[in-house]
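Peer 1: A single structure is presented below for examination.
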Amino acid sequence: SACHFGASFGVVSLLLSTWPEAAEVKNRLFQTPLRCACRYGSSLDVVQLLLERWLENKENRNSCRVESLGHNAPESIKDLLYHISYLFSEKQSESFPMDIMECFITINWWNGVLLVIEMYPTITKTLDLQTIVMADFLSRVGKCCSLTTMFGVIKNEPDLLEGV
């Protein structure tokens with residue numbers, strides 16, 4: 001596995017763009033590239049890229065699966081996995097999704113931010129986005145999230161629909 005040997009983001013990205021199924025291929029120890037990336041300390045951007053592919057499979061969207069990736073992982077990756085795991089856990093507080101989104105913004109993981117918005121569309125109200133950036137924001141959300149999420153975002157921005 002390229003991730004076992006610390007392949008760069010560019011190499012992993014190129015590999016996945018030419019062979020998307022590579023994200024699910026297991027090595028002789030039955031480890032996916034994501035598990036190898038977490039375990040052997042690949043860069044955070046490589047882990048994020050592989051996580052995005054891994055989370056496309058709805059079966060992986062649960063806290064136990066996410067937490068299982070953290071064994072023997074460096075602290076920065078454990079922290080990322082902790083936040084993702086919390087998104088899928090049963091016990092949640094109202095303020096923590098905002099903390100998770102701030103964490104994802106800090107590490108420039110924009111697809112992670114969209115994941116939080118997809119799960120908590122009402123969180124966009126707390127962003128206090130200016131009207132000038134709202135069109136770009138809605139365009140990005142519309143391209144990446146479900147119609148239900150988009151409706152939730154728009155519903156929480158009543159000023160947007162004023163006069164329509």
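Residue numbering restarts at 1 in every chain; chains get A, B, ... in the order shown in the structure tokens, and ligands count up from 1 in that same order.
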Kindly provide the residues of stretch 96-139 of chain A that approach stretch 41-48 of chain A to within 12 Å, each paired with its closest atom pair and their distance in Å to one decimal, based on only C-alpha atoms, listed by chain and increasing number, as a Markdown table.
Peer 2:
```
| residue | atom | partner | partner_atom | distance |
| --- | --- | --- | --- | --- |
| A:Phe104 | CA | A:Gln48 | CA | 10.2 |
| A:Ile107 | CA | A:Leu44 | CA | 8.6 |
| A:Asn108 | CA | A:Asp45 | CA | 9.0 |
| A:Trp109 | CA | A:Gln48 | CA | 7.2 |
| A:Trp110 | CA | A:Gln48 | CA | 9.8 |
| A:Asn111 | CA | A:Gln48 | CA | 8.6 |
| A:Gly112 | CA | A:Gln48 | CA | 8.2 |
| A:Val113 | CA | A:Gln48 | CA | 11.7 |
```
Peer 1: Neighbours of stretch 26-37 of chain A within 10 Å (only C-alpha atoms; same-chain residues fewer than 4 positions away dropped), as a ChimeraX atom specification?
Peer 2: /A:1-7,12,22,41-44,46-54,68-71,73,77
Peer 1: Please identify which residues in chain A DSSP calls helix (DSSP H, G or I) from the backbone, and express them as a PyMOL selection string.
Peer 2: chain A and resi 2-5+9-18+20-24+33-39+44-55+58-60+63-68+75-87+96-106+110-119+121-127+131-144+147-155+158-161
Peer 1: Excluding A:Met150 and any residue of its chain fewer than 6 positions from it, enumerate the residues within 12 Å of it, using only C-alpha atoms, and give them as number ranges by chain.
Peer 2: A: 114, 117-122, 124, 137-144, 156-157
Peer 1: Hey, can you spit out that residue selection with N, CA and C atoms as an mmCIF file, in the first residue's frame?
Peer 2:
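So the final result, stored in selection_15.cif, reads:
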```
data_model
loop_
_atom_site.group_PDB
_atom_site.id
_atom_site.type_symbol
_atom_site.label_atom_id
_atom_site.label_comp_id
_atom_site.auth_asym_id
_atom_site.auth_seq_id
_atom_site.Cartn_x
_atom_site.Cartn_y
_atom_site.Cartn_z
ATOM 1 N N LEU A 114 -18.320 20.698 5.302
ATOM 2 C CA LEU A 114 -19.562 20.361 4.610
ATOM 3 C C LEU A 114 -20.245 19.146 5.240
ATOM 4 N N ILE A 117 -22.145 20.496 8.131
ATOM 5 C CA ILE A 117 -23.327 21.214 7.643
ATOM 6 C C ILE A 117 -24.386 20.224 7.168
ATOM 7 N N GLU A 118 -23.948 19.164 6.505
ATOM 8 C CA GLU A 118 -24.902 18.148 6.037
ATOM 9 C C GLU A 118 -25.645 17.512 7.214
ATOM 10 N N MET A 119 -24.937 17.298 8.298
ATOM 11 C CA MET A 119 -25.556 16.652 9.459
ATOM 12 C C MET A 119 -26.316 17.638 10.349
ATOM 13 N N TYR A 120 -25.879 18.899 10.343
ATOM 14 C CA TYR A 120 -26.496 19.937 11.176
ATOM 15 C C TYR A 120 -26.724 21.203 10.344
ATOM 16 N N PRO A 121 -27.705 21.193 9.444
ATOM 17 C CA PRO A 121 -27.910 22.362 8.569
ATOM 18 C C PRO A 121 -28.202 23.652 9.332
ATOM 19 N N THR A 122 -28.761 23.545 10.537
ATOM 20 C CA THR A 122 -29.066 24.749 11.306
ATOM 21 C C THR A 122 -27.813 25.476 11.776
ATOM 22 N N THR A 124 -25.523 26.668 10.092
ATOM 23 C CA THR A 124 -25.151 27.779 9.204
ATOM 24 C C THR A 124 -25.643 29.116 9.743
ATOM 25 N N PHE A 137 -21.421 30.298 -0.996
ATOM 26 C CA PHE A 137 -21.618 29.298 0.046
ATOM 27 C C PHE A 137 -22.740 28.329 -0.342
ATOM 28 N N LEU A 138 -23.879 28.862 -0.768
ATOM 29 C CA LEU A 138 -25.009 28.015 -1.153
ATOM 30 C C LEU A 138 -24.676 27.155 -2.365
ATOM 31 N N SER A 139 -23.908 27.695 -3.280
ATOM 32 C CA SER A 139 -23.491 26.921 -4.451
ATOM 33 C C SER A 139 -22.661 25.718 -4.032
ATOM 34 N N ARG A 140 -21.727 25.938 -3.135
ATOM 35 C CA ARG A 140 -20.865 24.845 -2.657
ATOM 36 C C ARG A 140 -21.670 23.798 -1.888
ATOM 37 N N VAL A 141 -22.549 24.255 -1.013
ATOM 38 C CA VAL A 141 -23.397 23.333 -0.259
ATOM 39 C C VAL A 141 -24.284 22.539 -1.211
ATOM 40 N N GLY A 142 -24.837 23.221 -2.199
ATOM 41 C CA GLY A 142 -25.709 22.560 -3.171
ATOM 42 C C GLY A 142 -25.007 21.488 -3.977
ATOM 43 N N LYS A 143 -23.732 21.686 -4.271
ATOM 44 C CA LYS A 143 -22.968 20.710 -5.053
ATOM 45 C C LYS A 143 -22.568 19.493 -4.219
ATOM 46 N N CYS A 144 -22.406 19.680 -2.925
ATOM 47 C CA CYS A 144 -21.834 18.619 -2.086
ATOM 48 C C CYS A 144 -22.813 17.948 -1.136
ATOM 49 N N ASN A 156 -33.049 28.229 7.372
ATOM 50 C CA ASN A 156 -32.458 28.967 8.483
ATOM 51 C C ASN A 156 -31.930 30.337 8.086
ATOM 52 N N GLU A 157 -32.128 30.708 6.854
ATOM 53 C CA GLU A 157 -31.720 32.027 6.367
ATOM 54 C C GLU A 157 -32.931 32.738 5.768
#
```
Peer 1: As an exercise, work out the distance from atom CA of A:Leu81 to atom CA of A:Ser13 in Å and give it to one decimal place.
Peer 2: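 A separation of 20.3 Å between them.
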Peer 1: List the spatial neighbours of A:Asn62 as a ChimeraX atom specification - criterion: any atom at most 10 Å away, only C-alpha atoms, same-chain residues fewer than 5 positions off excluded.
Peer 2: /A:55,67,84-90
Peer 1: Could you turn the residues from that selection into a file that holds N, CA and C atoms, as a PDB file, in the first residue's frame?
Peer 2:
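The resulting again-v8.pdb:
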```
ATOM      1  N   LEU A  55     -15.937   7.638   3.889  1.00  0.00           N
ATOM      2  CA  LEU A  55     -17.237   8.051   4.417  1.00  0.00           C
ATOM      3  C   LEU A  55     -18.334   8.055   3.355  1.00  0.00           C
ATOM      4  N   GLU A  67     -13.887   5.227  15.192  1.00  0.00           N
ATOM      5  CA  GLU A  67     -12.966   5.069  16.319  1.00  0.00           C
ATOM      6  C   GLU A  67     -11.965   3.942  16.092  1.00  0.00           C
ATOM      7  N   ILE A  84     -14.878  13.348  14.116  1.00  0.00           N
ATOM      8  CA  ILE A  84     -15.771  12.681  13.165  1.00  0.00           C
ATOM      9  C   ILE A  84     -16.638  11.661  13.889  1.00  0.00           C
ATOM     10  N   SER A  85     -16.043  10.908  14.777  1.00  0.00           N
ATOM     11  CA  SER A  85     -16.784   9.912  15.542  1.00  0.00           C
ATOM     12  C   SER A  85     -17.931  10.560  16.309  1.00  0.00           C
ATOM     13  N   TYR A  86     -17.669  11.709  16.880  1.00  0.00           N
ATOM     14  CA  TYR A  86     -18.697  12.410  17.651  1.00  0.00           C
ATOM     15  C   TYR A  86     -19.887  12.784  16.774  1.00  0.00           C
ATOM     16  N   LEU A  87     -19.626  13.138  15.513  1.00  0.00           N
ATOM     17  CA  LEU A  87     -20.719  13.484  14.603  1.00  0.00           C
ATOM     18  C   LEU A  87     -21.705  12.331  14.441  1.00  0.00           C
ATOM     19  N   PHE A  88     -21.199  11.106  14.538  1.00  0.00           N
ATOM     20  CA  PHE A  88     -22.038   9.933  14.320  1.00  0.00           C
ATOM     21  C   PHE A  88     -22.495   9.278  15.619  1.00  0.00           C
ATOM     22  N   SER A  89     -22.165   9.850  16.773  1.00  0.00           N
ATOM     23  CA  SER A  89     -22.527   9.227  18.047  1.00  0.00           C
ATOM     24  C   SER A  89     -23.957   9.581  18.439  1.00  0.00           C
ATOM     25  N   GLU A  90     -24.478   8.801  19.337  1.00  0.00           N
ATOM     26  CA  GLU A  90     -25.849   8.997  19.815  1.00  0.00           C
ATOM     27  C   GLU A  90     -25.947  10.174  20.793  1.00  0.00           C
TER      28      GLU A  90
END
```
Peer 1: What is the distance, in Å and to one decimal place, between atom CA of A:Asp79 and atom CA of A:Cys103?
Peer 2: 9.4 Å
